[in-house]
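Trainee: I have a structure here, written as structure tokens, and I will follow up with some questions on it.
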Amino acid sequence: MPTQSSIPDVEIPRQDLWAFMFNSKKDFADDQVIYRDANAPDQLYYTFSGVRDAATSFGEGLCDLWDWQRSDVLAIYAPNDIDFAAIVYGTFYAGGIVSPANPGYSPDELAFQLKNAGAKALVTTKAFLKPARLAAEQAGISTNRIILLGSERDETFSVKHWTNIRKASRSQRYRRRKLDPENDLAFLVYSSGTTGLPKGVMLSHRNIVADLCLIKGCVGHYYNSGKDKMLGVLPFFHIYGLTGLVHQPLSRGIELVVMPAFDLKKFLTAVQTHKITFVYVAPPVIVRLARDPMVAEYDLSSLRMITSGAAPLTQELVDTVYRKLNIKINQAYGLSETSPMTHTQPWDEWYTSVGSVGKMFPNMTAKYVDPDGNEVGANEAGELWLAGPNIFGGYWKNEQATADSITEQDGLRYFKTGDVGYQDKDHNFYITDRVKELIKYKGFQVAPAELEGKLMDHAMVNDVAVIGVYHKEQETEVPRAFVVPAKQAGDSDAEEIVKWLDAKVANHKRLRGGVRFIDEVPKSASGKILRRVLKDKVKQEEDGEKPKAKL
């Protein structure tokens, strides 16, 4: 039988995001600071009412200057900034859809998203203006539809700042466009593309409102409006950062100290200076906290909890951080298609189920399914299927991908996550790997994430990715590890790592493909490993390039 959440259901109001944020009863004051710039905390910040007023002004400006239409798409190509929320909610005011893009994209990658989404305008920063212009030109977006956010302006005045997109004429009043929460899209986010081109994920206003309510119903009671402070280091252009760091503080009255990107020294300084109490991170940050000697120079005692997502953490890593820093770490799970969060460890259970992603959120149903489509029981591995109000509507302009990912069963609409795992008797969920990423060694299935978790405990390993490579003589796939070394490394170090892991795993899980040292593991915005990039490198070697110690 499908599993219902062990947490009581919560009420989800039938409201679009604007109404949910600004027209609902709240338990904090209008002058509560919501977003504060980590680099200029005393000069650059927004209160709750400041966000609402700036968003209203921007939304009216879109209607007045550009005759913005309902469901027009505005793309944002920028790092984290305190202006982000005002632009997002201004777009909602005008009835539009927001499509955030990774500022690490090349002009061609950005142009693909702009064209696929049908974007009518592009918001960026001065630092990213050059690639933004090139992409906009490819996508047919005129220069006067590019605008800047952030503290820097364009001195040539060829591109407006977003604060100048205001209502030019007061002869006509532009009321906020009312939206249908169920059917109007709030976001068109693009999946990480681990196996191909990114797909546009359609998220309605109800999807995001639901996920915010489910978070509150699951672990939200641990946060205190007006008292807790969060650190905004996850990228806002990814749905994990959007929901957890842009929407959640605004809806709960929690101050968010905004960082443009992760830098360990600035991260530690912000926690110490602002007395940060809660942080969302990806596993590499946990590794830095465990190993970097710089950490000991800072006071991190204000942190009540760190939540990690994107990949499992080992018991050893969690133990190390807790022993050294007295910091608790819980784990969470979600996908772009689920708005994104669906599971997390309750704060009072953070140590009882290390390695799991915790309990499923309220209002949700799940089951694990074998390759033949049959549901499996407790402690049996299968693909995780999820149903609930936070499940996306489908993939933008891609009916086949939608049909392959969504199925109707048990009177519910299930999303096939593509993640392999199991559930224990205490309703803790475990994610062990991706369906398409399992390595097939002589009939055995090897989970890359399991090997990565073990390898992270090796002193020479700062980061790692494992993929399957084809071995012609053995006529099978074998596991190969791509390691970011803690110090300069050579062939003898690679051999030592292989032997070290041999003693810790079953025979079929050994690194028969060896170890390659690399400078950086390719990852998506949410921290998921882009194994296809490594597989492409291996293919290039096989097609004629001589294998290298470094890629």
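Note on naming: chains are A, B, ... as they come in the structure tokens, residues start from 1 per chain, ligands start from 1 in the order shown.
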Set the distance at 8 Å and use only C-alpha atoms: which residues neighbour A:Ala481 once local chain neighbours fewer than 3 positions away are removed? I'd like the list as a PyMOL selection string.

Mentor: chain A and resi 464-467+511+513-516

Trainee: At a cut-off of 8 Å, using only C-alpha atoms, what residues contact A:Gly226? Leave out same-chain residues fewer than 6 positions from it and give the result as a list of chain:residue names.

Mentor: A:Phe28, A:Gln32, A:Gly253, A:Ile254, A:Glu255

Trainee: List as a list in words the protein and nucleic acid residues near A:Thr91, meaning an atom at most 9 Å away when only C-alpha atoms are counted, but skip any in the same chain fewer than 4 places from it.

Mentor: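 Selected residues are Ala55, Phe58, Gly59, Leu62, Asp72, Val73, Leu74, Ala86, Ile87, Gly95, Gly96, Ile97 and Val98 of chain A.
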
Trainee: Hey, what's within 12 Å of A:Lys216 if we count only C-alpha atoms and toss same-chain stuff fewer than 5 positions away? As an MDAnalysis selection string, please?

Mentor: chainID A and resid 7:12 209:211 221:225 243:244 248:249 251:252 341:342 344 346 361:362

Trainee: Any chance you can output those residues with N, CA and C atoms as a PDB file, in the first residue's frame?

Mentor:
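Just written: again-v6.pdb:
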ATOM      1  N   ILE A   7       3.084  12.697   9.379  1.00  0.00           N
ATOM      2  CA  ILE A   7       2.835  14.019   9.965  1.00  0.00           C
ATOM      3  C   ILE A   7       1.436  14.477   9.553  1.00  0.00           C
ATOM      4  N   PRO A   8       0.636  15.009  10.463  1.00  0.00           N
ATOM      5  CA  PRO A   8      -0.732  15.424  10.127  1.00  0.00           C
ATOM      6  C   PRO A   8      -0.779  16.427   8.973  1.00  0.00           C
ATOM      7  N   ASP A   9      -1.807  16.301   8.135  1.00  0.00           N
ATOM      8  CA  ASP A   9      -1.981  17.222   7.008  1.00  0.00           C
ATOM      9  C   ASP A   9      -2.164  18.653   7.498  1.00  0.00           C
ATOM     10  N   VAL A  10      -1.814  19.604   6.631  1.00  0.00           N
ATOM     11  CA  VAL A  10      -1.989  21.022   6.933  1.00  0.00           C
ATOM     12  C   VAL A  10      -2.913  21.645   5.902  1.00  0.00           C
ATOM     13  N   GLU A  11      -3.484  22.772   6.260  1.00  0.00           N
ATOM     14  CA  GLU A  11      -4.359  23.491   5.331  1.00  0.00           C
ATOM     15  C   GLU A  11      -3.523  24.305   4.359  1.00  0.00           C
ATOM     16  N   ILE A  12      -3.906  24.260   3.084  1.00  0.00           N
ATOM     17  CA  ILE A  12      -3.204  25.029   2.051  1.00  0.00           C
ATOM     18  C   ILE A  12      -4.191  26.039   1.472  1.00  0.00           C
ATOM     19  N   VAL A 209       3.113  27.658  -2.890  1.00  0.00           N
ATOM     20  CA  VAL A 209       2.388  27.924  -1.642  1.00  0.00           C
ATOM     21  C   VAL A 209       2.264  26.630  -0.836  1.00  0.00           C
ATOM     22  N   ALA A 210       1.947  25.534  -1.530  1.00  0.00           N
ATOM     23  CA  ALA A 210       1.814  24.249  -0.839  1.00  0.00           C
ATOM     24  C   ALA A 210       3.122  23.844  -0.183  1.00  0.00           C
ATOM     25  N   ASP A 211       4.237  23.967  -0.904  1.00  0.00           N
ATOM     26  CA  ASP A 211       5.505  23.528  -0.329  1.00  0.00           C
ATOM     27  C   ASP A 211       5.883  24.362   0.892  1.00  0.00           C
ATOM     28  N   HIS A 221       7.955  24.737  12.740  1.00  0.00           N
ATOM     29  CA  HIS A 221       7.740  25.186  14.125  1.00  0.00           C
ATOM     30  C   HIS A 221       9.057  25.377  14.869  1.00  0.00           C
ATOM     31  N   TYR A 222      10.167  24.937  14.268  1.00  0.00           N
ATOM     32  CA  TYR A 222      11.467  25.148  14.912  1.00  0.00           C
ATOM     33  C   TYR A 222      12.000  26.563  14.647  1.00  0.00           C
ATOM     34  N   TYR A 223      11.414  27.282  13.667  1.00  0.00           N
ATOM     35  CA  TYR A 223      11.860  28.648  13.360  1.00  0.00           C
ATOM     36  C   TYR A 223      11.019  29.655  14.142  1.00  0.00           C
ATOM     37  N   ASN A 224      11.635  30.775  14.495  1.00  0.00           N
ATOM     38  CA  ASN A 224      10.933  31.810  15.244  1.00  0.00           C
ATOM     39  C   ASN A 224      10.945  33.122  14.467  1.00  0.00           C
ATOM     40  N   SER A 225       9.770  33.602  14.084  1.00  0.00           N
ATOM     41  CA  SER A 225       9.662  34.872  13.374  1.00  0.00           C
ATOM     42  C   SER A 225      10.257  35.996  14.209  1.00  0.00           C
ATOM     43  N   THR A 243      12.619  28.643  -2.920  1.00  0.00           N
ATOM     44  CA  THR A 243      11.604  28.326  -1.915  1.00  0.00           C
ATOM     45  C   THR A 243      12.132  28.535  -0.498  1.00  0.00           C
ATOM     46  N   GLY A 244      13.311  27.985  -0.226  1.00  0.00           N
ATOM     47  CA  GLY A 244      13.824  28.017   1.135  1.00  0.00           C
ATOM     48  C   GLY A 244      14.335  29.366   1.587  1.00  0.00           C
ATOM     49  N   GLN A 248      10.448  31.582   1.835  1.00  0.00           N
ATOM     50  CA  GLN A 248      10.212  31.214   3.237  1.00  0.00           C
ATOM     51  C   GLN A 248      10.470  32.366   4.218  1.00  0.00           C
ATOM     52  N   PRO A 249      11.588  33.081   4.145  1.00  0.00           N
ATOM     53  CA  PRO A 249      11.782  34.207   5.079  1.00  0.00           C
ATOM     54  C   PRO A 249      10.713  35.286   4.931  1.00  0.00           C
ATOM     55  N   SER A 251       7.616  34.855   4.019  1.00  0.00           N
ATOM     56  CA  SER A 251       6.335  34.390   4.570  1.00  0.00           C
ATOM     57  C   SER A 251       6.382  34.225   6.086  1.00  0.00           C
ATOM     58  N   ARG A 252       7.575  34.055   6.641  1.00  0.00           N
ATOM     59  CA  ARG A 252       7.696  33.778   8.075  1.00  0.00           C
ATOM     60  C   ARG A 252       8.251  34.940   8.889  1.00  0.00           C
ATOM     61  N   MET A 341      11.089  20.815  -1.770  1.00  0.00           N
ATOM     62  CA  MET A 341      11.323  19.930  -0.624  1.00  0.00           C
ATOM     63  C   MET A 341      10.146  19.004  -0.333  1.00  0.00           C
ATOM     64  N   THR A 342      10.469  17.738  -0.058  1.00  0.00           N
ATOM     65  CA  THR A 342       9.450  16.731   0.242  1.00  0.00           C
ATOM     66  C   THR A 342       9.736  15.968   1.527  1.00  0.00           C
ATOM     67  N   THR A 344      12.461  15.768   5.222  1.00  0.00           N
ATOM     68  CA  THR A 344      13.564  16.253   6.048  1.00  0.00           C
ATOM     69  C   THR A 344      13.544  15.529   7.391  1.00  0.00           C
ATOM     70  N   PRO A 346      13.268  15.594  11.227  1.00  0.00           N
ATOM     71  CA  PRO A 346      12.873  16.494  12.320  1.00  0.00           C
ATOM     72  C   PRO A 346      14.086  16.854  13.168  1.00  0.00           C
ATOM     73  N   PHE A 361       6.973  14.981   4.097  1.00  0.00           N
ATOM     74  CA  PHE A 361       6.146  16.131   4.459  1.00  0.00           C
ATOM     75  C   PHE A 361       4.673  15.740   4.539  1.00  0.00           C
ATOM     76  N   PRO A 362       3.874  16.518   5.282  1.00  0.00           N
ATOM     77  CA  PRO A 362       2.433  16.258   5.334  1.00  0.00           C
ATOM     78  C   PRO A 362       1.790  16.425   3.962  1.00  0.00           C
TER      79      PRO A 362
END

Trainee: In Å to one decimal, how far is atom CA of A:Ile239 from atom CA of A:Asp42?

Mentor: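 Atom CA of A:Ile239 lies at a distance of 28.2 Å from atom CA of A:Asp42.
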
Trainee: Using DSSP on the backbone coordinates, identify all residues within stretch 299-492 of chain A classified as alpha helix (DSSP H); present the result as a list in words.

Mentor: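 Written out, the alpha helix (DSSP H) residues of stretch 299-492 of chain A are Gln315, Glu316, Leu317, Val318, Asp319, Thr320, Val321, Tyr322, Arg323, Lys324, Leu325, Glu399, Gln400, Ala401, Thr402, Ala403, Asp404, Ser405, Pro448, Ala449, Glu450, Leu451, Glu452, Gly453, Lys454, Leu455, Asp491 and Ser492 of chain A.
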
Trainee: Name all residues at most 7 Å from stretch 147-155 of chain A (count only C-alpha atoms; drop same-chain ones fewer than 3 positions away) and give them as a PDB file with N, CA and C atoms, in the first residue's frame.

Mentor:
ATOM      1  N   ASP A  81      21.010  38.261  -4.659  1.00  0.00           N
ATOM      2  CA  ASP A  81      20.968  39.692  -4.392  1.00  0.00           C
ATOM      3  C   ASP A  81      19.689  40.002  -3.637  1.00  0.00           C
ATOM      4  N   ASP A  83      17.732  42.326  -4.113  1.00  0.00           N
ATOM      5  CA  ASP A  83      16.693  42.814  -5.030  1.00  0.00           C
ATOM      6  C   ASP A  83      15.840  41.687  -5.612  1.00  0.00           C
ATOM      7  N   LEU A 122      14.833  40.235 -19.773  1.00  0.00           N
ATOM      8  CA  LEU A 122      15.922  39.591 -19.049  1.00  0.00           C
ATOM      9  C   LEU A 122      16.487  40.550 -18.005  1.00  0.00           C
ATOM     10  N   VAL A 123      16.592  40.055 -16.773  1.00  0.00           N
ATOM     11  CA  VAL A 123      17.184  40.819 -15.678  1.00  0.00           C
ATOM     12  C   VAL A 123      18.548  40.209 -15.362  1.00  0.00           C
ATOM     13  N   THR A 124      19.567  41.051 -15.238  1.00  0.00           N
ATOM     14  CA  THR A 124      20.899  40.570 -14.936  1.00  0.00           C
ATOM     15  C   THR A 124      21.615  41.603 -14.067  1.00  0.00           C
ATOM     16  N   THR A 125      22.915  41.428 -13.865  1.00  0.00           N
ATOM     17  CA  THR A 125      23.717  42.412 -13.144  1.00  0.00           C
ATOM     18  C   THR A 125      24.767  42.973 -14.087  1.00  0.00           C
ATOM     19  N   LYS A 126      25.401  44.051 -13.663  1.00  0.00           N
ATOM     20  CA  LYS A 126      26.424  44.665 -14.505  1.00  0.00           C
ATOM     21  C   LYS A 126      27.540  43.671 -14.825  1.00  0.00           C
ATOM     22  N   VAL A 159      21.407  50.446 -20.700  1.00  0.00           N
ATOM     23  CA  VAL A 159      20.563  49.465 -20.026  1.00  0.00           C
ATOM     24  C   VAL A 159      20.025  50.080 -18.740  1.00  0.00           C
ATOM     25  N   LYS A 160      18.707  50.010 -18.554  1.00  0.00           N
ATOM     26  CA  LYS A 160      18.081  50.588 -17.371  1.00  0.00           C
ATOM     27  C   LYS A 160      18.322  49.732 -16.133  1.00  0.00           C
ATOM     28  N   HIS A 161      18.306  50.382 -14.983  1.00  0.00           N
ATOM     29  CA  HIS A 161      18.257  49.667 -13.723  1.00  0.00           C
ATOM     30  C   HIS A 161      16.800  49.326 -13.424  1.00  0.00           C
ATOM     31  N   TRP A 162      16.568  48.219 -12.699  1.00  0.00           N
ATOM     32  CA  TRP A 162      15.190  47.778 -12.475  1.00  0.00           C
ATOM     33  C   TRP A 162      14.355  48.809 -11.722  1.00  0.00           C
TER      34      TRP A 162
END

Trainee: Atom CA of A:Leu386 and atom CA of A:His427 are how many Å apart?

Mentor: 14.5 Å

Trainee: Listing only residues of stretch 161-249 of chain A within 6 Å of stretch 274-295 of chain A, what is the closest atom pair and its distance in Å (to one decimal) for each, using only C-alpha atoms, sorted by chain and residue number ascending, as a tab-separated table?

Mentor:
residue	atom	partner	partner_atom	distance
A:Asp228	CA	A:Thr277	CA	5.9
A:Lys229	CA	A:Ile276	CA	5.0
A:Met230	CA	A:Phe278	CA	4.9
A:Leu231	CA	A:Val279	CA	5.4

Trainee: Fewer than 3 positions away in the same chain doesn't count, so skip those; otherwise give me all residues within 10 Å of A:Ala111, counting only C-alpha atoms, as a PyMOL selection string.

Mentor: chain A and resi 105-108+114-117+119+131-141

Trainee: Please list as an mmCIF file with C-alpha atoms, in the first residue's frame every residue within 6 Å of A:Gly468, counting only C-alpha atoms and excluding residues in the same chain fewer than 6 positions away.

Mentor:
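Generated file (out.cif):
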data_model
loop_
_atom_site.group_PDB
_atom_site.id
_atom_site.type_symbol
_atom_site.label_atom_id
_atom_site.label_comp_id
_atom_site.auth_asym_id
_atom_site.auth_seq_id
_atom_site.Cartn_x
_atom_site.Cartn_y
_atom_site.Cartn_z
ATOM 1 C CA ILE A 439 26.590 0.994 -12.507
ATOM 2 C CA GLU A 477 30.934 -1.496 -16.638
ATOM 3 C CA VAL A 478 33.346 -0.869 -13.769
ATOM 4 C CA PRO A 479 33.311 1.955 -11.174
#

Trainee: Give me, as number ranges by chain, the residues of stretch 173-365 of chain A that a backbone DSSP run labels strand (DSSP E or B).

Mentor: A: 185-190, 200-204, 229-232, 255-258, 278-281, 305-308, 329-334, 341-344, 354, 356, 358-360, 365

Trainee: Given only C-alpha atoms as the basis, pick out the residue of A:Pro79, A:Pro312, A:Gly90, A:Pro13 nearest to A:Val51.

Mentor: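 Smallest separation from A:Val51 among the options: A:Gly90.
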
Trainee: Quick one, how far is atom CA of A:Val321 from atom CA of A:Ser301?

Mentor: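 We find that atom CA of A:Val321 and atom CA of A:Ser301 lie 12.5 Å from each other.
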
Trainee: With only C-alpha atoms as the atoms that count, which of A:Lys25, A:Arg510, A:Lys130, A:Lys537 lies nearest to A:Leu451?

Mentor: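 Going through A:Lys25, A:Arg510, A:Lys130, A:Lys537 one by one, the smallest distance to A:Leu451 is for A:Arg510.
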